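Reading through the structure tokens given below for one structure.
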Amino acid sequence: MNRPDESPKIPVLSEICLVCRNDSFQLIHQKKQWQYLRCRRCGLVSLYPRPTREDLLKDYDTYLPAQAENIVQWGRMMSRINRTSADLIEASAACKGRLLDIGCGYGFFLSEMQQRGWQTEGIEISAVGRAYARQTWNIRVHAETLEALTLPENHFDVVTLFYVIEHLLDPLSLLREVRRILKPGGLILLRWPHTAPMLKVLGPFVKNYDYFHTPFHLYDFSPATIVQLLDQAGFAGVATRIGGYSLPAKRLNRWFTVLCGTLAETLYSLSARKFLMPGVSKTTLARKPRIEIGLTG
């Protein structure tokens, strides 16, 4: 394997950057046959080759663990992010309304919003997650993908995606569909990993970790590329921030995550909410314009 600072020949003849349509890439990470390529123009990191849609749907059907202990740990891991995100939404929304969570997992975030008085529903491919959300929280959860549902236009006040955008074969098309189903002025919240900077931090030790969850993470966005993606999808007022951190079950992972998350939040606060520490997950909010002019897609 070539080292990240080299410029290897990359066997991609038809690959085009999702964000800027560039066709020149740099190899930054490889695991078995999977290559992560950084666009030389905008910096977006993408996986090559990509799994097929059929393979992804099959894998995600069994993606979530079914054991009760694992489900409890999952809820605990995401609790801080769920509360922080709920507070951000309520600080930005004019009133409580309809909320759709795409990739809702076990429904912990939807339960949080339901308790706060929101009308909630979700989308979840995993049968385990879907069943748990329905039975535990009595939440309506769709088994189909967003594109297959043909939900009503201008229907939701808020749409959320927690650690979903990086898993999508065509995130731009999905975001355009989200814009369609949002009410004018409606809010989208994305929670996404910012993994690529960790390659430099870990250096030669990166081979011991799989921060990309290969091959499940098809993209790795940055604050700049997420803005470009949302802009192309027709959203406005894009703002990215540090929005809490997870609490993994394993002690060493939890210690590292809390340390990095606390540092990121502190630096973000001290910089008057300007500095976004690389390598830690981000939360991005944007709105569907109240008046849309000249938008296509």
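As shown in the structure tokens, the chain order sets the letters A, B, ...; within each chain, residues go from 1, and ligands are also counted from 1 in the order they appear.
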
Enumerate, in order of chain and increasing residue number, the residues of region 122-162 of chain A with an atom no farther than 8 Å from region 58-68 of chain A, each with its shortest atom pair and distance in Å to one decimal, counting only C-alpha atoms, as JSON lines.
{"residue": "A:Ile125", "atom": "CA", "partner": "A:Asp61", "partner_atom": "CA", "distance": 5.6}
{"residue": "A:Ser126", "atom": "CA", "partner": "A:Asp61", "partner_atom": "CA", "distance": 4.0}
{"residue": "A:Ala127", "atom": "CA", "partner": "A:Asp61", "partner_atom": "CA", "distance": 5.9}
{"residue": "A:Val128", "atom": "CA", "partner": "A:Ala66", "partner_atom": "CA", "distance": 6.0}
{"residue": "A:Gly129", "atom": "CA", "partner": "A:Leu64", "partner_atom": "CA", "distance": 6.5}

Selected residues, C-alpha atoms, written as a PDB file, in the first residue's frame, please.
ATOM      1  CA  ILE A 125     -33.936  -0.675   7.354  1.00  0.00           C
ATOM      2  CA  SER A 126     -32.833  -2.892  10.251  1.00  0.00           C
ATOM      3  CA  ALA A 127     -35.681  -5.192  11.293  1.00  0.00           C
ATOM      4  CA  VAL A 128     -34.298  -5.335  14.849  1.00  0.00           C
ATOM      5  CA  GLY A 129     -34.218  -1.562  15.250  1.00  0.00           C
TER       6      GLY A 129
END

Can you pull out every residue within 7 Å of Arg287 (chain A), counting only C-alpha atoms, but drop anything in the same chain fewer than 4 positions away, and send it as a ChimeraX atom specification? /A:185-188,235-237

note - CA of Ala91 (chain A) and CA of Leu189 (chain A) are separated by 12.6 Å

Interface rows for region 147-243 of chain A against region 23-46 of chain A: nearest pair, Å to one decimal, 12 Å, only C-alpha atoms, as CSV:
residue,atom,partner,partner_atom,distance
A:Glu166,CA,A:Ser46,CA,9.1
A:His167,CA,A:Ser46,CA,10.5
A:Leu168,CA,A:Ser46,CA,10.9
A:Leu169,CA,A:Ser46,CA,10.2
A:Asp170,CA,A:Ser46,CA,11.6
A:Pro171,CA,A:Ser46,CA,11.9
A:Pro193,CA,A:Val45,CA,11.9
A:His194,CA,A:Val45,CA,10.1
A:Thr195,CA,A:Val45,CA,9.5
A:Ala196,CA,A:Val45,CA,7.6
A:Pro197,CA,A:Ile28,CA,10.4
A:Met198,CA,A:His29,CA,11.1
A:Leu199,CA,A:His29,CA,8.0
A:Lys200,CA,A:Ile28,CA,9.8
A:Gly203,CA,A:His29,CA,11.0
A:Pro204,CA,A:His29,CA,11.2
A:Val206,CA,A:His29,CA,9.0
A:Lys207,CA,A:Lys31,CA,8.2
A:Asn208,CA,A:Lys31,CA,10.8
A:Tyr209,CA,A:Lys31,CA,10.5
A:Asp210,CA,A:Lys31,CA,8.7
A:Tyr211,CA,A:His29,CA,10.7
A:Phe212,CA,A:Tyr36,CA,9.1
A:His213,CA,A:Lys31,CA,10.2
A:Thr214,CA,A:Lys31,CA,7.4
A:Pro215,CA,A:Trp34,CA,7.0
A:Phe216,CA,A:Trp34,CA,10.6
A:His217,CA,A:Ser46,CA,8.3
A:Leu218,CA,A:Ser46,CA,5.7
A:Tyr219,CA,A:Ser46,CA,4.4
A:Asp220,CA,A:Val45,CA,5.0
A:Phe221,CA,A:Leu44,CA,5.8
A:Ser222,CA,A:Leu44,CA,7.1
A:Pro223,CA,A:Leu44,CA,10.1
A:Ala224,CA,A:Cys42,CA,8.1
A:Thr225,CA,A:Leu44,CA,6.2
A:Ile226,CA,A:Leu44,CA,9.0
A:Val227,CA,A:Cys42,CA,11.3
A:Gln228,CA,A:Cys42,CA,9.3
A:Leu229,CA,A:Leu44,CA,10.2

For the residues selected in the previous step, produce a file with N, CA and C atoms as a CSV table (one decimal), in the first residue's frame.
chain,number,residue,atom,x,y,z
A,166,GLU,N,-23.1,9.5,5.6
A,166,GLU,CA,-21.9,8.9,5.2
A,166,GLU,C,-22.1,7.5,4.6
A,167,HIS,N,-23.3,6.9,4.9
A,167,HIS,CA,-23.6,5.5,4.4
A,167,HIS,C,-24.3,5.5,3.1
A,168,LEU,N,-24.6,6.6,2.5
A,168,LEU,CA,-25.5,6.6,1.4
A,168,LEU,C,-24.8,6.6,0.0
A,169,LEU,N,-25.3,5.8,-0.9
A,169,LEU,CA,-24.7,5.7,-2.2
A,169,LEU,C,-24.9,7.1,-3.0
A,170,ASP,N,-26.0,7.7,-2.8
A,170,ASP,CA,-26.3,9.0,-3.4
A,170,ASP,C,-26.9,10.0,-2.4
A,171,PRO,N,-26.1,10.5,-1.6
A,171,PRO,CA,-26.6,11.4,-0.5
A,171,PRO,C,-27.2,12.7,-1.1
A,193,PRO,N,-19.7,11.8,11.0
A,193,PRO,CA,-18.3,11.6,11.5
A,193,PRO,C,-17.4,12.4,10.6
A,194,HIS,N,-16.3,12.9,11.2
A,194,HIS,CA,-15.3,13.6,10.5
A,194,HIS,C,-14.0,12.9,10.7
A,195,THR,N,-13.8,11.8,10.0
A,195,THR,CA,-12.8,10.8,10.3
A,195,THR,C,-11.4,11.0,9.7
A,196,ALA,N,-11.4,11.5,8.5
A,196,ALA,CA,-10.1,11.6,7.8
A,196,ALA,C,-9.0,12.2,8.5
A,197,PRO,N,-9.2,13.3,9.3
A,197,PRO,CA,-8.1,13.9,10.1
A,197,PRO,C,-7.4,13.0,11.0
A,198,MET,N,-8.1,11.9,11.5
A,198,MET,CA,-7.5,11.0,12.4
A,198,MET,C,-6.4,10.1,11.8
A,199,LEU,N,-6.4,10.1,10.5
A,199,LEU,CA,-5.3,9.3,9.8
A,199,LEU,C,-4.0,9.9,10.1
A,200,LYS,N,-3.9,11.2,10.1
A,200,LYS,CA,-2.6,11.9,10.5
A,200,LYS,C,-2.3,11.8,11.9
A,203,GLY,N,-1.2,8.2,12.5
A,203,GLY,CA,0.0,7.8,11.8
A,203,GLY,C,0.0,6.3,11.5
A,204,PRO,N,1.2,5.6,11.8
A,204,PRO,CA,1.3,4.2,11.5
A,204,PRO,C,0.4,3.3,12.3
A,206,VAL,N,-2.8,3.7,12.5
A,206,VAL,CA,-4.2,3.7,11.9
A,206,VAL,C,-4.6,2.3,11.5
A,207,LYS,N,-3.7,1.5,11.1
A,207,LYS,CA,-4.1,0.1,10.7
A,207,LYS,C,-4.7,-0.7,11.8
A,208,ASN,N,-4.5,-0.3,13.0
A,208,ASN,CA,-5.1,-1.0,14.1
A,208,ASN,C,-6.6,-0.6,14.4
A,209,TYR,N,-7.0,0.4,13.7
A,209,TYR,CA,-8.4,0.9,14.0
A,209,TYR,C,-9.1,1.0,12.6
A,210,ASP,N,-10.4,0.9,12.7
A,210,ASP,CA,-11.2,1.0,11.5
A,210,ASP,C,-12.3,2.1,11.7
A,211,TYR,N,-11.8,3.4,11.7
A,211,TYR,CA,-12.7,4.5,11.9
A,211,TYR,C,-13.7,4.7,10.8
A,212,PHE,N,-13.4,4.1,9.6
A,212,PHE,CA,-14.4,4.3,8.5
A,212,PHE,C,-15.4,3.2,8.5
A,213,HIS,N,-15.3,2.2,9.5
A,213,HIS,CA,-16.2,1.1,9.5
A,213,HIS,C,-16.4,0.5,8.1
A,214,THR,N,-15.2,0.3,7.4
A,214,THR,CA,-15.2,-0.2,6.1
A,214,THR,C,-15.9,-1.5,5.9
A,215,PRO,N,-16.7,-1.6,4.8
A,215,PRO,CA,-17.0,-0.7,3.8
A,215,PRO,C,-18.3,0.1,4.0
A,216,PHE,N,-18.7,0.3,5.2
A,216,PHE,CA,-20.0,0.9,5.4
A,216,PHE,C,-20.0,2.4,5.2
A,217,HIS,N,-18.9,3.1,5.6
A,217,HIS,CA,-18.8,4.5,5.3
A,217,HIS,C,-18.4,4.8,3.9
A,218,LEU,N,-19.3,5.3,3.1
A,218,LEU,CA,-19.0,5.5,1.6
A,218,LEU,C,-18.4,6.8,1.4
A,219,TYR,N,-18.6,7.8,2.3
A,219,TYR,CA,-18.0,9.1,2.3
A,219,TYR,C,-17.5,9.6,3.6
A,220,ASP,N,-16.6,10.5,3.6
A,220,ASP,CA,-16.2,11.2,4.8
A,220,ASP,C,-16.1,12.7,4.5
A,221,PHE,N,-17.1,13.4,5.1
A,221,PHE,CA,-17.3,14.8,4.8
A,221,PHE,C,-16.4,15.7,5.8
A,222,SER,N,-16.3,16.9,5.4
A,222,SER,CA,-15.6,17.9,6.2
A,222,SER,C,-16.6,19.1,6.3
A,223,PRO,N,-16.4,20.0,7.2
A,223,PRO,CA,-17.3,21.2,7.3
A,223,PRO,C,-17.5,21.9,5.9
A,224,ALA,N,-16.5,21.9,5.1
A,224,ALA,CA,-16.6,22.6,3.8
A,224,ALA,C,-17.4,21.8,2.8
A,225,THR,N,-17.1,20.5,2.8
A,225,THR,CA,-17.8,19.7,1.8
A,225,THR,C,-19.3,19.5,2.2
A,226,ILE,N,-19.6,19.4,3.5
A,226,ILE,CA,-21.0,19.3,3.9
A,226,ILE,C,-21.8,20.5,3.5
A,227,VAL,N,-21.2,21.7,3.5
A,227,VAL,CA,-21.8,22.9,3.1
A,227,VAL,C,-22.1,22.9,1.6
A,228,GLN,N,-21.1,22.4,0.8
A,228,GLN,CA,-21.3,22.4,-0.6
A,228,GLN,C,-22.4,21.4,-1.0
A,229,LEU,N,-22.5,20.3,-0.3
A,229,LEU,CA,-23.5,19.3,-0.6
A,229,LEU,C,-24.9,19.8,-0.3

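In this structure, CA of Ala86 (chain A) sits 14.8 Å away from CA of Ala286 (chain A).
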
Would you return as a ChimeraX atom specification the members of region 252-291 of chain A that DSSP assigns to strand (DSSP E) on this structure's backbone? /A:282-287

How about saving the chosen residues, C-alpha atoms kept, as a PDB file, in the first residue's frame?
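File part_39.pdb, as written:
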ATOM      1  CA  LYS A 282     -20.089  17.362  13.828  1.00  0.00           C
ATOM      2  CA  THR A 283     -23.716  18.470  13.845  1.00  0.00           C
ATOM      3  CA  THR A 284     -25.003  20.515  10.916  1.00  0.00           C
ATOM      4  CA  LEU A 285     -28.311  22.361  10.679  1.00  0.00           C
ATOM      5  CA  ALA A 286     -29.830  23.941   7.565  1.00  0.00           C
ATOM      6  CA  ARG A 287     -33.221  25.100   6.337  1.00  0.00           C
TER       7      ARG A 287
END

In Å, rounded to a single decimal, give me how far CA of Phe108 (chain A) is from CA of Leu267 (chain A). 28.6 Å

Please provide the set of residues having any atom within 9 Å of Phe275 (chain A), restricted to only C-alpha atoms, with same-chain residues fewer than 6 positions apart removed, written as a ChimeraX atom specification. /A:241,264,267-269

Since we have the selection now, will you write its residues out, keeping N, CA and C atoms, as a compact mmCIF listing (two decimals), in the first residue's frame?
# COMPACT_ATOMS: atom_id res chain seq x y z
N ARG A 241 -21.60 22.78 13.88
CA ARG A 241 -21.13 23.02 15.23
C ARG A 241 -20.68 21.71 15.87
N ALA A 264 -13.00 19.36 22.20
CA ALA A 264 -13.64 19.98 21.04
C ALA A 264 -14.68 21.01 21.46
N LEU A 267 -12.86 24.18 22.98
CA LEU A 267 -12.24 25.01 21.95
C LEU A 267 -13.31 25.72 21.11
N TYR A 268 -14.40 25.03 20.86
CA TYR A 268 -15.51 25.63 20.12
C TYR A 268 -16.10 26.81 20.88
N SER A 269 -16.27 26.65 22.18
CA SER A 269 -16.81 27.72 23.02
C SER A 269 -15.84 28.89 23.14

Test item, helix (DSSP H, G or I) assignment across region 145-272 of chain A, answer as a ChimeraX atom specification: /A:146-149,165-167,171-181,197-208,223-232,251-270

Write out as JSON lines a residue-level contact list of region 117-229 of chain A versus region 102-105 of chain A with cut-off 9 Å: for each qualifying residue the closest pair of atoms and the distance in Å to one decimal, counting only C-alpha atoms, rows sorted by chain and residue number upward.
{"residue": "A:Glu121", "atom": "CA", "partner": "A:Cys104", "partner_atom": "CA", "distance": 8.7}
{"residue": "A:Gly122", "atom": "CA", "partner": "A:Cys104", "partner_atom": "CA", "distance": 5.6}
{"residue": "A:Ile123", "atom": "CA", "partner": "A:Ile102", "partner_atom": "CA", "distance": 4.8}
{"residue": "A:Glu124", "atom": "CA", "partner": "A:Gly103", "partner_atom": "CA", "distance": 4.8}
{"residue": "A:Ile125", "atom": "CA", "partner": "A:Gly103", "partner_atom": "CA", "distance": 7.2}
{"residue": "A:Ser126", "atom": "CA", "partner": "A:Gly105", "partner_atom": "CA", "distance": 7.3}
{"residue": "A:Val128", "atom": "CA", "partner": "A:Gly105", "partner_atom": "CA", "distance": 8.4}
{"residue": "A:Gly129", "atom": "CA", "partner": "A:Gly105", "partner_atom": "CA", "distance": 4.8}
{"residue": "A:Arg130", "atom": "CA", "partner": "A:Gly105", "partner_atom": "CA", "distance": 6.8}
{"residue": "A:Tyr132", "atom": "CA", "partner": "A:Gly105", "partner_atom": "CA", "distance": 8.6}
{"residue": "A:Ala133", "atom": "CA", "partner": "A:Gly105", "partner_atom": "CA", "distance": 7.6}
{"residue": "A:Val141", "atom": "CA", "partner": "A:Cys104", "partner_atom": "CA", "distance": 8.2}
{"residue": "A:Thr145", "atom": "CA", "partner": "A:Ile102", "partner_atom": "CA", "distance": 8.6}
{"residue": "A:Leu146", "atom": "CA", "partner": "A:Ile102", "partner_atom": "CA", "distance": 7.7}
{"residue": "A:Val159", "atom": "CA", "partner": "A:Ile102", "partner_atom": "CA", "distance": 7.3}
{"residue": "A:Thr160", "atom": "CA", "partner": "A:Ile102", "partner_atom": "CA", "distance": 6.2}
{"residue": "A:Leu161", "atom": "CA", "partner": "A:Ile102", "partner_atom": "CA", "distance": 5.2}
{"residue": "A:Phe162", "atom": "CA", "partner": "A:Gly103", "partner_atom": "CA", "distance": 7.1}
{"residue": "A:Tyr163", "atom": "CA", "partner": "A:Gly103", "partner_atom": "CA", "distance": 8.2}
{"residue": "A:Val164", "atom": "CA", "partner": "A:Gly103", "partner_atom": "CA", "distance": 6.4}

Residues from last step as file, C-alpha atoms, as a PDB file, in the first residue's frame:
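Written file, selection.pdb:
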ATOM      1  CA  GLU A 121     -41.978   8.865  12.868  1.00  0.00           C
ATOM      2  CA  GLY A 122     -38.892   7.118  11.562  1.00  0.00           C
ATOM      3  CA  ILE A 123     -37.292   5.152   8.767  1.00  0.00           C
ATOM      4  CA  GLU A 124     -35.174   2.114   9.620  1.00  0.00           C
ATOM      5  CA  ILE A 125     -33.936  -0.675   7.354  1.00  0.00           C
ATOM      6  CA  SER A 126     -32.833  -2.892  10.251  1.00  0.00           C
ATOM      7  CA  VAL A 128     -34.298  -5.335  14.849  1.00  0.00           C
ATOM      8  CA  GLY A 129     -34.218  -1.562  15.250  1.00  0.00           C
ATOM      9  CA  ARG A 130     -37.602  -1.138  13.621  1.00  0.00           C
ATOM     10  CA  TYR A 132     -37.752  -2.250  19.032  1.00  0.00           C
ATOM     11  CA  ALA A 133     -38.830   1.310  18.188  1.00  0.00           C
ATOM     12  CA  VAL A 141     -41.342   3.366  11.666  1.00  0.00           C
ATOM     13  CA  THR A 145     -36.072   3.822   2.103  1.00  0.00           C
ATOM     14  CA  LEU A 146     -37.037   7.480   1.860  1.00  0.00           C
ATOM     15  CA  VAL A 159     -35.932  15.848   9.369  1.00  0.00           C
ATOM     16  CA  THR A 160     -32.929  14.343  11.154  1.00  0.00           C
ATOM     17  CA  LEU A 161     -30.164  11.986  10.042  1.00  0.00           C
ATOM     18  CA  PHE A 162     -27.790  10.691  12.733  1.00  0.00           C
ATOM     19  CA  TYR A 163     -24.711   9.011  11.251  1.00  0.00           C
ATOM     20  CA  VAL A 164     -26.552   8.244   8.010  1.00  0.00           C
TER      21      VAL A 164
END
